[in-house]
>>> print(open('data25.txt').read())   # compact mmCIF, C-alpha atoms and all ligand atoms
# COMPACT_ATOMS: atom_id res chain seq x y z
CA MET A 26 0.00 0.00 0.00
CA GLU A 27 1.24 3.51 -0.77
CA ARG A 28 1.92 6.14 1.85
CA GLN A 29 -1.43 7.55 2.90
CA ASN A 30 -2.09 11.12 1.87
CA VAL A 31 -2.68 13.04 5.14
CA VAL A 32 -3.39 16.77 5.09
CA PHE A 33 -3.14 18.79 8.33
CA THR A 34 -5.26 21.88 7.96
CA HIS A 35 -7.19 24.64 9.71
CA MET A 36 -8.97 25.57 6.49
CA ILE A 37 -10.92 22.42 5.86
CA CYS A 38 -13.09 23.87 3.08
CA GLU A 39 -10.17 25.15 1.02
CA SER A 40 -8.20 21.94 1.55
CA LEU A 41 -11.19 19.79 0.67
CA GLU A 42 -12.01 21.78 -2.45
CA ARG A 43 -8.40 21.56 -3.64
CA ALA A 44 -8.41 17.78 -3.13
CA LEU A 45 -11.79 17.26 -4.77
CA HIS A 46 -10.48 19.06 -7.83
CA GLU A 47 -7.86 16.33 -8.23
CA ILE A 48 -10.28 13.41 -7.94
CA ASN A 49 -12.39 12.17 -10.79
CA PHE A 50 -15.89 11.46 -9.42
CA ASP A 51 -19.51 11.88 -10.46
CA LYS A 52 -21.52 12.17 -7.25
CA LEU A 53 -20.49 13.03 -3.74
CA PHE A 54 -21.91 11.68 -0.47
CA VAL A 55 -21.21 12.63 3.12
CA LEU A 56 -21.56 9.95 5.79
CA MET A 57 -22.04 11.17 9.36
CA ASP A 58 -23.45 9.87 12.60
CA GLU A 59 -26.15 11.77 14.48
CA THR A 60 -23.55 13.49 16.67
CA THR A 61 -21.23 14.63 13.90
CA ARG A 62 -24.27 15.72 11.85
CA ALA A 63 -25.23 18.01 14.74
CA LYS A 64 -21.77 19.14 15.89
CA CYS A 65 -19.37 19.00 12.94
CA TYR A 66 -21.25 19.13 9.64
CA ASP A 67 -21.68 22.93 9.73
CA LYS A 68 -17.93 23.30 9.38
CA ILE A 69 -17.93 21.70 5.92
CA ARG A 70 -21.48 21.98 4.58
CA GLN A 71 -20.87 25.54 3.31
CA CYS A 72 -18.03 24.34 1.04
CA ASP A 73 -19.06 25.01 -2.57
CA ALA A 74 -17.86 21.56 -3.56
CA LEU A 75 -20.38 19.96 -1.21
CA ALA A 76 -23.40 21.89 -2.47
CA GLN A 77 -24.85 18.84 -4.26
CA ALA A 78 -23.62 16.19 -1.82
CA GLY A 79 -26.05 13.52 -0.64
CA GLU A 80 -26.25 12.99 3.12
CA ILE A 81 -26.20 9.63 4.85
CA ILE A 82 -26.77 9.50 8.60
CA ILE A 83 -26.21 6.56 10.95
CA GLY A 84 -26.63 6.22 14.72
CA ALA A 85 -23.80 7.40 16.95
CA THR A 86 -21.47 5.33 19.17
CA ASP A 87 -19.77 1.98 18.67
CA THR A 88 -23.04 0.07 19.18
CA HIS A 89 -23.98 1.21 15.66
CA LYS A 90 -20.80 -0.11 14.07
CA ASN A 91 -22.78 -3.08 12.86
CA VAL A 92 -24.16 -4.80 9.81
CA GLU A 93 -27.49 -2.90 10.06
CA SER A 94 -25.75 0.50 9.78
CA LEU A 95 -23.60 -0.88 6.98
CA CYS A 96 -26.73 -1.98 5.05
CA HIS A 97 -28.21 1.45 5.64
CA VAL A 98 -25.15 3.08 4.01
CA TRP A 99 -25.24 0.68 1.03
CA GLU A 100 -29.02 1.22 0.63
CA SER A 101 -28.67 5.01 0.86
CA LEU A 102 -25.90 5.04 -1.74
CA SER A 103 -27.99 2.88 -4.03
CA ARG A 104 -31.19 4.88 -3.54
CA GLN A 105 -29.40 8.19 -4.14
CA GLY A 106 -27.92 6.93 -7.41
CA ALA A 107 -24.30 6.31 -6.43
CA THR A 108 -22.19 4.73 -9.14
CA ARG A 109 -18.75 3.14 -9.17
CA LYS A 110 -17.34 6.64 -9.77
CA SER A 111 -18.98 8.20 -6.74
CA LEU A 112 -17.01 9.46 -3.74
CA LEU A 113 -17.88 9.04 -0.07
CA ILE A 114 -16.68 11.49 2.58
CA ASN A 115 -16.64 10.00 6.08
CA LEU A 116 -17.09 12.75 8.66
CA GLY A 117 -16.78 11.49 12.20
CA GLY A 118 -14.95 9.42 14.75
CA GLY A 119 -13.42 5.99 14.24
CA MET A 120 -16.81 4.31 14.07
CA VAL A 121 -17.78 6.41 11.02
CA THR A 122 -14.38 6.24 9.28
CA ASP A 123 -14.12 2.44 9.82
CA LEU A 124 -17.69 1.65 8.79
CA GLY A 125 -17.77 4.23 5.99
CA GLY A 126 -14.43 3.00 4.67
CA PHE A 127 -15.76 -0.56 4.60
CA ALA A 128 -19.06 0.49 2.98
CA ALA A 129 -17.14 2.38 0.28
CA SER A 130 -14.63 -0.45 -0.23
CA THR A 131 -17.41 -2.95 -0.91
CA PHE A 132 -20.09 -0.87 -2.69
CA LYS A 133 -20.01 -1.86 -6.38
CA ARG A 134 -16.67 -3.58 -5.54
CA GLY A 135 -15.20 -0.36 -4.27
CA ILE A 136 -15.64 3.39 -4.57
CA LYS A 137 -13.21 6.08 -3.39
CA PHE A 138 -13.51 7.62 0.04
CA ILE A 139 -12.09 10.50 2.05
CA ASN A 140 -11.81 10.58 5.85
CA ILE A 141 -12.38 13.71 7.91
CA PRO A 142 -11.81 12.53 11.50
CA THR A 143 -13.52 14.61 14.15
CA THR A 144 -12.25 12.86 17.30
CA LEU A 145 -8.72 12.59 18.62
CA LEU A 146 -8.86 8.81 18.38
CA ALA A 147 -9.84 8.92 14.72
CA MET A 148 -7.20 11.58 13.95
CA VAL A 149 -4.24 9.68 15.40
CA ASP A 150 -5.38 6.14 14.69
CA ALA A 151 -8.62 4.99 13.06
CA SER A 152 -8.75 7.27 10.02
CA VAL A 153 -5.15 6.59 8.98
CA GLY A 154 -3.67 3.30 7.82
CA GLY A 155 -6.40 1.65 5.79
CA LYS A 156 -8.18 -0.52 8.35
CA THR A 157 -11.92 -0.52 7.69
CA GLY A 158 -14.67 -2.69 9.11
CA ILE A 159 -17.52 -3.37 11.50
CA ASN A 160 -18.12 -5.30 14.71
CA PHE A 161 -19.83 -8.67 14.29
CA ASN A 162 -21.01 -11.49 16.55
CA GLY A 163 -20.04 -9.50 19.65
CA LEU A 164 -16.45 -9.15 18.37
CA LYS A 165 -14.67 -5.92 17.57
CA ASN A 166 -13.74 -5.27 13.93
CA GLU A 167 -14.48 -8.89 13.06
CA ILE A 168 -15.36 -8.10 9.43
CA GLY A 169 -13.39 -5.68 7.30
CA VAL A 170 -10.77 -5.00 4.65
CA PHE A 171 -7.55 -3.02 4.34
CA ASN A 172 -8.10 -0.07 2.02
CA ASN A 173 -6.68 3.44 2.22
CA ALA A 174 -8.78 6.58 2.07
CA GLU A 175 -7.86 8.82 -0.89
CA THR A 176 -6.94 11.53 1.61
CA VAL A 177 -7.31 12.08 5.35
CA PHE A 178 -7.92 15.69 6.46
CA ILE A 179 -6.90 16.38 10.03
CA ASP A 180 -8.27 19.64 11.41
CA SER A 181 -7.73 19.82 15.17
CA ASP A 182 -10.38 22.57 15.39
CA PHE A 183 -12.94 19.73 15.40
CA LEU A 184 -11.61 18.79 18.85
CA SER A 185 -13.44 21.77 20.37
CA THR A 186 -16.61 19.62 20.04
CA LEU A 187 -15.07 16.76 22.04
CA ASP A 188 -15.66 15.97 25.73
CA THR A 189 -12.81 15.11 28.10
CA GLN A 190 -13.51 11.37 28.07
CA ASN A 191 -13.24 11.20 24.29
CA MET A 192 -10.08 13.33 24.35
CA LEU A 193 -8.58 10.88 26.82
CA SER A 194 -9.72 7.95 24.72
CA GLY A 195 -7.74 9.24 21.74
CA TYR A 196 -4.81 10.21 23.92
CA ALA A 197 -4.35 6.57 25.00
CA GLU A 198 -3.48 5.67 21.40
CA MET A 199 -0.99 8.56 21.37
CA LEU A 200 0.58 7.23 24.56
CA LYS A 201 0.87 3.84 22.87
CA HIS A 202 2.60 5.51 19.91
CA GLY A 203 5.02 7.05 22.43
CA LEU A 204 5.84 3.66 23.96
CA ILE A 205 6.51 2.05 20.59
CA SER A 206 8.58 4.95 19.18
CA THR A 207 11.09 7.05 21.15
CA ALA A 208 11.76 7.96 24.79
CA GLU A 209 11.68 11.65 23.82
CA HIS A 210 8.17 11.41 22.31
CA TRP A 211 6.92 9.28 25.25
CA ALA A 212 8.31 11.81 27.79
CA ARG A 213 6.47 14.70 26.14
CA LEU A 214 3.26 12.69 26.21
CA VAL A 215 3.41 11.70 29.90
CA ASN A 216 4.29 15.28 30.87
CA PHE A 217 1.44 16.82 28.87
CA ASP A 218 -1.60 18.13 30.76
CA VAL A 219 -4.26 16.30 28.78
CA MET A 220 -7.07 17.57 31.06
CA HIS A 221 -6.20 21.19 30.20
CA PRO A 222 -4.54 20.82 26.81
CA ASP A 223 -2.37 23.45 25.20
CA MET A 224 -3.86 23.10 21.72
CA ALA A 225 -0.74 24.25 19.85
CA GLU A 226 1.37 21.62 21.62
CA LEU A 227 -1.37 19.00 21.16
CA GLN A 228 -1.39 19.68 17.45
CA LYS A 229 2.36 19.00 17.24
CA LEU A 230 1.91 15.80 19.23
CA ILE A 231 -0.91 14.73 16.89
CA GLN A 232 1.32 15.21 13.84
CA GLU A 233 4.11 13.20 15.45
CA SER A 234 1.66 10.51 16.48
CA VAL A 235 0.31 10.19 12.93
CA GLU A 236 3.91 10.01 11.69
CA VAL A 237 4.66 7.10 14.07
CA LYS A 238 1.64 5.23 12.73
CA GLN A 239 2.33 6.09 9.09
CA SER A 240 5.93 4.89 9.18
CA ILE A 241 4.87 1.53 10.64
CA VAL A 242 1.98 1.08 8.21
CA LEU A 243 4.26 1.91 5.30
CA GLU A 244 6.49 -0.99 6.28
CA ASP A 245 3.67 -3.47 6.86
CA ALA A 246 0.24 -2.37 5.62
CA THR A 247 -1.54 -5.68 6.18
CA GLU A 248 -0.21 -6.52 9.64
CA LYS A 249 1.97 -9.49 8.82
CA GLY A 250 4.73 -8.18 11.10
CA ILE A 251 5.72 -4.81 12.55
CA ARG A 252 2.18 -3.35 12.32
CA LYS A 253 1.34 -5.62 15.26
CA ALA A 254 3.29 -3.06 17.32
CA LEU A 255 0.27 -0.78 16.91
CA ASN A 256 -1.64 -3.41 18.83
CA PHE A 257 0.35 -2.87 22.01
CA GLY A 258 -2.14 -2.76 24.90
CA HIS A 259 -4.93 -4.05 22.67
CA THR A 260 -4.76 -7.82 23.31
CA LEU A 261 -5.94 -7.26 26.85
CA GLY A 262 -7.64 -3.94 26.05
CA HIS A 263 -10.02 -5.43 23.46
CA ALA A 264 -11.00 -8.15 25.95
CA PHE A 265 -11.75 -5.46 28.58
CA GLU A 266 -13.79 -3.56 26.01
CA SER A 267 -15.83 -6.63 24.97
CA LEU A 268 -16.34 -7.71 28.59
CA ALA A 269 -17.53 -4.26 29.62
CA MET A 270 -19.95 -4.27 26.68
CA GLU A 271 -21.34 -7.69 27.70
CA GLN A 272 -21.76 -6.44 31.24
CA HIS A 273 -23.73 -3.40 29.99
CA ARG A 274 -21.12 -0.95 31.29
CA PRO A 275 -19.49 0.06 27.98
CA ILE A 276 -16.12 1.78 28.12
CA LEU A 277 -14.46 3.93 25.48
CA HIS A 278 -11.87 2.16 23.32
CA GLY A 279 -8.95 4.29 24.52
CA TYR A 280 -9.76 3.63 28.18
CA ALA A 281 -9.71 -0.12 27.43
CA VAL A 282 -6.34 0.28 25.68
CA ALA A 283 -4.94 2.35 28.57
CA TRP A 284 -5.95 -0.32 31.09
CA GLY A 285 -4.74 -3.03 28.69
CA MET A 286 -1.35 -1.30 28.57
CA ILE A 287 -1.09 -1.55 32.37
CA GLY A 288 -1.28 -5.37 32.19
CA GLU A 289 0.89 -5.66 29.10
CA LEU A 290 3.56 -3.33 30.54
CA TYR A 291 3.74 -5.62 33.56
CA LEU A 292 4.45 -8.56 31.25
CA CYS A 293 7.02 -6.44 29.37
CA HIS A 294 8.76 -5.84 32.68
CA VAL A 295 8.78 -9.41 34.02
CA ARG A 296 9.49 -11.11 30.72
CA LYS A 297 11.51 -8.56 28.74
CA ASN A 298 13.09 -6.47 31.47
CA PHE A 299 11.22 -3.33 30.42
CA PRO A 300 12.54 -0.54 32.71
CA SER A 301 10.47 -0.33 35.89
CA ASP A 302 10.68 3.48 36.18
CA ILE A 303 9.11 3.97 32.74
CA MET A 304 6.48 1.33 33.49
CA ARG A 305 5.60 3.03 36.79
CA GLN A 306 5.48 6.53 35.30
CA THR A 307 3.20 5.34 32.48
CA ILE A 308 0.91 3.48 34.88
CA GLN A 309 0.79 6.52 37.17
CA PHE A 310 -0.26 8.70 34.21
CA ILE A 311 -2.97 6.20 33.28
CA LYS A 312 -4.31 5.88 36.84
CA GLU A 313 -4.40 9.64 37.33
CA ASN A 314 -6.22 10.35 34.08
CA TYR A 315 -8.27 7.21 33.38
CA GLY A 316 -8.94 5.79 36.84
CA ILE A 317 -9.09 2.01 37.17
CA PHE A 318 -10.93 -0.84 35.45
CA GLN A 319 -13.33 -2.64 37.80
CA LEU A 320 -12.15 -6.23 37.72
CA ASP A 321 -12.61 -9.30 39.89
CA CYS A 322 -11.30 -12.88 39.69
CA LYS A 323 -14.66 -14.24 38.52
CA MET A 324 -14.10 -12.37 35.21
CA TYR A 325 -10.73 -13.96 34.43
CA ALA A 326 -12.07 -17.00 32.54
CA ARG A 327 -14.27 -14.87 30.29
CA ILE A 328 -11.40 -12.43 29.61
CA HIS A 329 -9.21 -15.38 28.62
CA GLU A 330 -11.94 -16.64 26.26
CA LEU A 331 -12.35 -13.19 24.71
CA MET A 332 -8.59 -12.97 24.17
CA THR A 333 -8.69 -16.17 22.11
CA HIS A 334 -10.46 -14.18 19.35
CA ASP A 335 -7.57 -11.74 18.89
CA LYS A 336 -6.51 -11.53 15.24
CA LYS A 337 -2.82 -11.87 16.18
CA ASN A 338 -3.33 -15.40 17.53
CA ALA A 339 -2.15 -18.48 15.68
CA ASP A 340 -2.57 -22.24 16.31
CA GLY A 341 -4.97 -21.51 19.17
CA ILE A 342 -2.23 -19.72 21.14
CA ILE A 343 -2.81 -16.18 22.39
CA ARG A 344 -0.15 -13.82 21.09
CA CYS A 345 0.72 -10.36 22.15
CA THR A 346 3.12 -7.51 21.33
CA LEU A 347 5.61 -6.75 24.11
CA LEU A 348 8.40 -4.19 24.55
CA SER A 349 11.86 -4.61 26.07
CA SER A 350 12.20 -0.82 26.26
CA ILE A 351 10.59 2.15 24.54
CA GLY A 352 10.66 1.46 20.80
CA ASN A 353 12.12 -2.04 21.16
CA ILE A 354 9.35 -4.28 20.01
CA ALA A 355 8.89 -8.04 20.41
CA LEU A 356 6.12 -9.46 18.22
CA ASP A 357 4.07 -12.65 18.59
CA GLU A 358 4.93 -13.28 22.24
CA GLU A 359 2.93 -16.30 23.37
CA LEU A 360 0.78 -15.96 26.47
CA THR A 361 -0.20 -18.82 28.78
CA GLN A 362 -3.17 -18.90 31.10
CA THR A 363 -0.75 -18.16 33.96
CA ASP A 364 0.63 -15.06 32.16
CA ILE A 365 -2.89 -13.79 31.68
CA ASN A 366 -3.87 -14.41 35.30
CA GLU A 367 -0.71 -12.65 36.52
CA MET A 368 -1.40 -9.71 34.23
CA LEU A 369 -4.95 -9.44 35.51
CA ASP A 370 -3.82 -9.69 39.15
CA PHE A 371 -1.42 -6.83 38.45
CA VAL A 372 -4.14 -4.66 36.87
CA ARG A 373 -6.45 -5.42 39.82
CA GLU A 374 -3.80 -4.57 42.41
CA SER A 375 -2.23 -1.54 40.75
N1 LIG B 401 -5.22 0.55 15.29
C1 LIG B 401 -4.13 -0.27 14.98
C2 LIG B 401 -3.82 -0.32 13.53
O1 LIG B 401 -4.30 0.47 12.75
O2 LIG B 401 -3.08 -1.19 13.12
>>> encode(input="data25.txt", output="C-alpha cells")
Amino acid sequence: MERQNVVFTHMICESLERALHEINFDKLFVLMDETTRAKCYDKIRQCDALAQAGEIIIGATDTHKNVESLCHVWESLSRQGATRKSLLINLGGGMVTDLGGFAASTFKRGIKFINIPTTLLAMVDASVGGKTGINFNGLKNEIGVFNNAETVFIDSDFLSTLDTQNMLSGYAEMLKHGLISTAEHWARLVNFDVMHPDMAELQKLIQESVEVKQSIVLEDATEKGIRKALNFGHTLGHAFESLAMEQHRPILHGYAVAWGMIGELYLCHVRKNFPSDIMRQTIQFIKENYGIFQLDCKMYARIHELMTHDKKNADGIIRCTLLSSIGNIALDEELTQTDINEMLDFVRES
C-alpha cells in the first residue's frame, strides 16, 4: 500500500475543495453519525464543492458499528444513485471512518472515500492506515478489509466539540505511539496536561503521532509483522472492552487500551526487562487520568476466552506484542493462562 495522503489543515473547506479538484468522481456523499451531523457538519457543509452532496446519517457510538448500519449506508448510496465513480466522505470518529471505509470499499466492488476525522482517536489512529470494518457477533472489527482513504484531512479545530472522556480515549493511542517509538516522544506525552490541553502543543503531538503510525503502516500495511506493534495494549484492552460491553457498562476504546497497557507493561517488565521506572510513570499517568478498570477474579475466565479471538493469535495460542524498552518491540509473544492471570492480578492490584 502507498503512503497515505494526510493533510493537516485549519482551512478544511479550502483543503477539501483543492483535493476534490484532483479526484475524478460523479456524485459526492457525506456519511455522518447523528452526533457529527449536529456538531461538525456545519464546518464543511458551506463548502461550494459539497453543495450537491447527498447525506447519509447513521446512529452514533460503537453500538452502531454493525451490519445494520452498513446496510443502511449501502441502501442510501444505491437509492441516491451512487455509481462506481462516486465518492464518499466520512465525517466522524473511528466508528464512522471504519464503517464508511468498509461500505465504500465494498459498494459496487469499491468506490473512493475521504476521511475527515472529528475525534482525537480517529485523527491519530482509526482514520489513517487503511483498516476498515464493522463489529460482528459480539467481536470488535471482526469483518473488514484493508483499504486506504484517498486523503485524510486532520483539522484539530474539530476537537473543540469533544468531551474530556473522548479526548482521553484518543490520547491513550498517542501514549501507545510514544511507547513504541522514542523515549523523547513518550516523555512529552506523559508530561502533557491532557485535562487542560495546550492546543498548539497537542497539534504538534498529533502530527508526530500520525507520523509514528504512518511509518509503521508503510512498512507493513496488512499486519503481517511490525504493524502488530500498533496493537500494544490491545490484546488485553479489546477483551476489557468486549467484557464491559457484555456487562452493559461500555467503556471507550482508549480507556480499554490504557488499562490493557497496564497489564501488558507488567508482562514487558517481568518477561523482557522493560525498565520499571518507565512502566511506573506510564501506569501513574494512566491511573491519574483514566482511573481504574473494575475487575474481579470471577471475570478472568471470560477475559481469557475473549482474548482467544484476537486476530494476532495463531494455532490456538494467544499472542501479544511486548516491549523490552521504549521502541524495542517483540512481536508474537505467546501468552499462557498463567501469564494472563498474573497480568490481571497486576491490573487489579495496581
Ligand atoms: N489501530 C491499529 C492499527 O491500525 O493497526
>>> residues_near_ligand(input="data25.txt", ligand="ligand LIG 401 (chain B)", cutoff="6 Å", atoms="only C-alpha atoms and all ligand atoms", output="CSV table (one decimal) with C-alpha atoms, keeping the file's coordinate frame")
chain,number,residue,atom,x,y,z
A,150,ASP,CA,-5.4,6.1,14.7
A,154,GLY,CA,-3.7,3.3,7.8
A,156,LYS,CA,-8.2,-0.5,8.4
A,252,ARG,CA,2.2,-3.4,12.3
A,255,LEU,CA,0.3,-0.8,16.9
A,256,ASN,CA,-1.6,-3.4,18.8
>>> closest_residue(input="data25.txt", among="A:Ser111, A:Asn314, A:Asn366, A:Asn172", to="A:Arg327", atoms="all atoms listed in the file")
A:Asn366
>>> closest_atom_pairs(input="data25.txt", of="stretch 48-105 of chain A", to="stretch 271-293 of chain A", cutoff="12 Å", atoms="only C-alpha atoms", output="CSV")
residue,atom,partner,partner_atom,distance
A:Thr86,CA,A:Leu277,CA,9.5
A:Asp87,CA,A:Leu277,CA,8.9
A:Thr88,CA,A:Pro275,CA,9.5
>>> atom_distance(input="data25.txt", atom1="atom CA of A:Gln77", atom2="atom CA of A:Asp51")
10.7 Å
>>> atom_distance(input="data25.txt", atom1="atom CA of A:Ile351", atom2="atom CA of A:Val242")
18.5 Å
>>> atom_distance(input="data25.txt", atom1="atom CA of A:His210", atom2="atom CA of A:Phe178")
23.0 Å
>>> residues_around(input="data25.txt", residues="A:Leu347", least_positions_apart="4", cutoff="9 Å", atoms="all atoms listed in the file", output="number ranges by chain")
A: 254, 257-258, 289-290, 292-293, 296-297, 353-358
>>> closest_residue(input="data25.txt", among="A:Val55, A:Ala107, A:Ile231, A:Ala128", to="A:Ala147", atoms="all atoms listed in the file")
A:Ile231
>>> residues_near_point(input="data25.txt", point="(-19.4, -11.3, 19.5)", cutoff="10 Å", atoms="all atoms listed in the file", output="MDAnalysis selection string")
chainID A and resid 160:167 267 271 331 334
>>> residues_around(input="data25.txt", residues="A:Lys137", least_positions_apart="4", cutoff="8 Å", atoms="only C-alpha atoms", output="list in words")
Lys110, Ser111, Leu112, Leu113, Ala129, Ser130, Ala174 and Glu175 of chain A
>>> decode(input="data25.txt", residues="stretch 344-354 of chain A", atoms="all heavy atoms", output="PDB file, in the first residue's frame")
ATOM      1  N   ARG A 344      -1.412 -14.525  21.347  1.00  0.00           N
ATOM      2  CA  ARG A 344      -0.148 -13.819  21.085  1.00  0.00           C
ATOM      3  C   ARG A 344      -0.315 -12.334  21.324  1.00  0.00           C
ATOM      4  O   ARG A 344      -1.384 -11.783  21.079  1.00  0.00           O
ATOM      5  CB  ARG A 344       0.293 -14.043  19.649  1.00  0.00           C
ATOM      6  CG  ARG A 344       0.709 -15.455  19.428  1.00  0.00           C
ATOM      7  CD  ARG A 344       1.027 -15.703  17.989  1.00  0.00           C
ATOM      8  NE  ARG A 344       1.486 -17.066  17.848  1.00  0.00           N
ATOM      9  CZ  ARG A 344       2.349 -17.472  16.954  1.00  0.00           C
ATOM     10  NH1 ARG A 344       2.863 -16.612  16.106  1.00  0.00           N
ATOM     11  NH2 ARG A 344       2.705 -18.726  16.881  1.00  0.00           N
ATOM     12  N   CYS A 345       0.781 -11.722  21.686  1.00  0.00           N
ATOM     13  CA  CYS A 345       0.716 -10.355  22.153  1.00  0.00           C
ATOM     14  C   CYS A 345       2.004  -9.625  21.732  1.00  0.00           C
ATOM     15  O   CYS A 345       3.034 -10.255  21.537  1.00  0.00           O
ATOM     16  CB  CYS A 345       0.620 -10.486  23.674  1.00  0.00           C
ATOM     17  SG  CYS A 345       0.604  -9.018  24.611  1.00  0.00           S
ATOM     18  N   THR A 346       1.922  -8.305  21.590  1.00  0.00           N
ATOM     19  CA  THR A 346       3.122  -7.507  21.325  1.00  0.00           C
ATOM     20  C   THR A 346       3.685  -7.034  22.657  1.00  0.00           C
ATOM     21  O   THR A 346       2.943  -6.493  23.482  1.00  0.00           O
ATOM     22  CB  THR A 346       2.739  -6.276  20.466  1.00  0.00           C
ATOM     23  OG1 THR A 346       2.247  -6.743  19.217  1.00  0.00           O
ATOM     24  CG2 THR A 346       3.933  -5.365  20.243  1.00  0.00           C
ATOM     25  N   LEU A 347       4.985  -7.242  22.877  1.00  0.00           N
ATOM     26  CA  LEU A 347       5.612  -6.753  24.113  1.00  0.00           C
ATOM     27  C   LEU A 347       6.779  -5.825  23.760  1.00  0.00           C
ATOM     28  O   LEU A 347       7.206  -5.764  22.595  1.00  0.00           O
ATOM     29  CB  LEU A 347       6.100  -7.932  24.964  1.00  0.00           C
ATOM     30  CG  LEU A 347       5.012  -8.876  25.516  1.00  0.00           C
ATOM     31  CD1 LEU A 347       5.644 -10.005  26.321  1.00  0.00           C
ATOM     32  CD2 LEU A 347       3.977  -8.142  26.366  1.00  0.00           C
ATOM     33  N   LEU A 348       7.288  -5.121  24.758  1.00  0.00           N
ATOM     34  CA  LEU A 348       8.401  -4.190  24.550  1.00  0.00           C
ATOM     35  C   LEU A 348       9.502  -4.504  25.560  1.00  0.00           C
ATOM     36  O   LEU A 348       9.208  -4.772  26.728  1.00  0.00           O
ATOM     37  CB  LEU A 348       7.940  -2.743  24.796  1.00  0.00           C
ATOM     38  CG  LEU A 348       6.669  -2.277  24.053  1.00  0.00           C
ATOM     39  CD1 LEU A 348       6.221  -0.920  24.592  1.00  0.00           C
ATOM     40  CD2 LEU A 348       6.957  -2.174  22.564  1.00  0.00           C
ATOM     41  N   SER A 349      10.770  -4.435  25.097  1.00  0.00           N
ATOM     42  CA  SER A 349      11.855  -4.614  26.068  1.00  0.00           C
ATOM     43  C   SER A 349      12.328  -3.244  26.576  1.00  0.00           C
ATOM     44  O   SER A 349      12.959  -3.152  27.625  1.00  0.00           O
ATOM     45  CB  SER A 349      13.015  -5.405  25.463  1.00  0.00           C
ATOM     46  OG  SER A 349      13.440  -4.785  24.282  1.00  0.00           O
ATOM     47  N   SER A 350      12.015  -2.208  25.817  1.00  0.00           N
ATOM     48  CA  SER A 350      12.196  -0.818  26.261  1.00  0.00           C
ATOM     49  C   SER A 350      11.383   0.023  25.278  1.00  0.00           C
ATOM     50  O   SER A 350      10.809  -0.531  24.327  1.00  0.00           O
ATOM     51  CB  SER A 350      13.687  -0.421  26.223  1.00  0.00           C
ATOM     52  OG  SER A 350      14.165  -0.526  24.896  1.00  0.00           O
ATOM     53  N   ILE A 351      11.372   1.330  25.469  1.00  0.00           N
ATOM     54  CA  ILE A 351      10.586   2.153  24.544  1.00  0.00           C
ATOM     55  C   ILE A 351      11.136   1.962  23.124  1.00  0.00           C
ATOM     56  O   ILE A 351      12.346   2.094  22.896  1.00  0.00           O
ATOM     57  CB  ILE A 351      10.640   3.640  24.954  1.00  0.00           C
ATOM     58  CG1 ILE A 351       9.865   3.833  26.255  1.00  0.00           C
ATOM     59  CG2 ILE A 351      10.070   4.519  23.848  1.00  0.00           C
ATOM     60  CD1 ILE A 351       9.897   5.246  26.789  1.00  0.00           C
ATOM     61  N   GLY A 352      10.263   1.622  22.197  1.00  0.00           N
ATOM     62  CA  GLY A 352      10.659   1.465  20.795  1.00  0.00           C
ATOM     63  C   GLY A 352      11.299   0.138  20.448  1.00  0.00           C
ATOM     64  O   GLY A 352      11.578  -0.127  19.283  1.00  0.00           O
ATOM     65  N   ASN A 353      11.563  -0.710  21.452  1.00  0.00           N
ATOM     66  CA  ASN A 353      12.119  -2.040  21.160  1.00  0.00           C
ATOM     67  C   ASN A 353      11.020  -3.080  21.274  1.00  0.00           C
ATOM     68  O   ASN A 353      10.595  -3.445  22.378  1.00  0.00           O
ATOM     69  CB  ASN A 353      13.285  -2.361  22.102  1.00  0.00           C
ATOM     70  CG  ASN A 353      14.538  -1.670  21.623  1.00  0.00           C
ATOM     71  OD1 ASN A 353      14.843  -1.671  20.432  1.00  0.00           O
ATOM     72  ND2 ASN A 353      15.238  -1.024  22.536  1.00  0.00           N
ATOM     73  N   ILE A 354      10.611  -3.553  20.116  1.00  0.00           N
ATOM     74  CA  ILE A 354       9.346  -4.282  20.010  1.00  0.00           C
ATOM     75  C   ILE A 354       9.572  -5.777  19.816  1.00  0.00           C
ATOM     76  O   ILE A 354      10.387  -6.182  18.984  1.00  0.00           O
ATOM     77  CB  ILE A 354       8.539  -3.691  18.814  1.00  0.00           C
ATOM     78  CG1 ILE A 354       8.196  -2.226  19.116  1.00  0.00           C
ATOM     79  CG2 ILE A 354       7.283  -4.491  18.522  1.00  0.00           C
ATOM     80  CD1 ILE A 354       8.071  -1.354  17.906  1.00  0.00           C
TER      81      ILE A 354
END
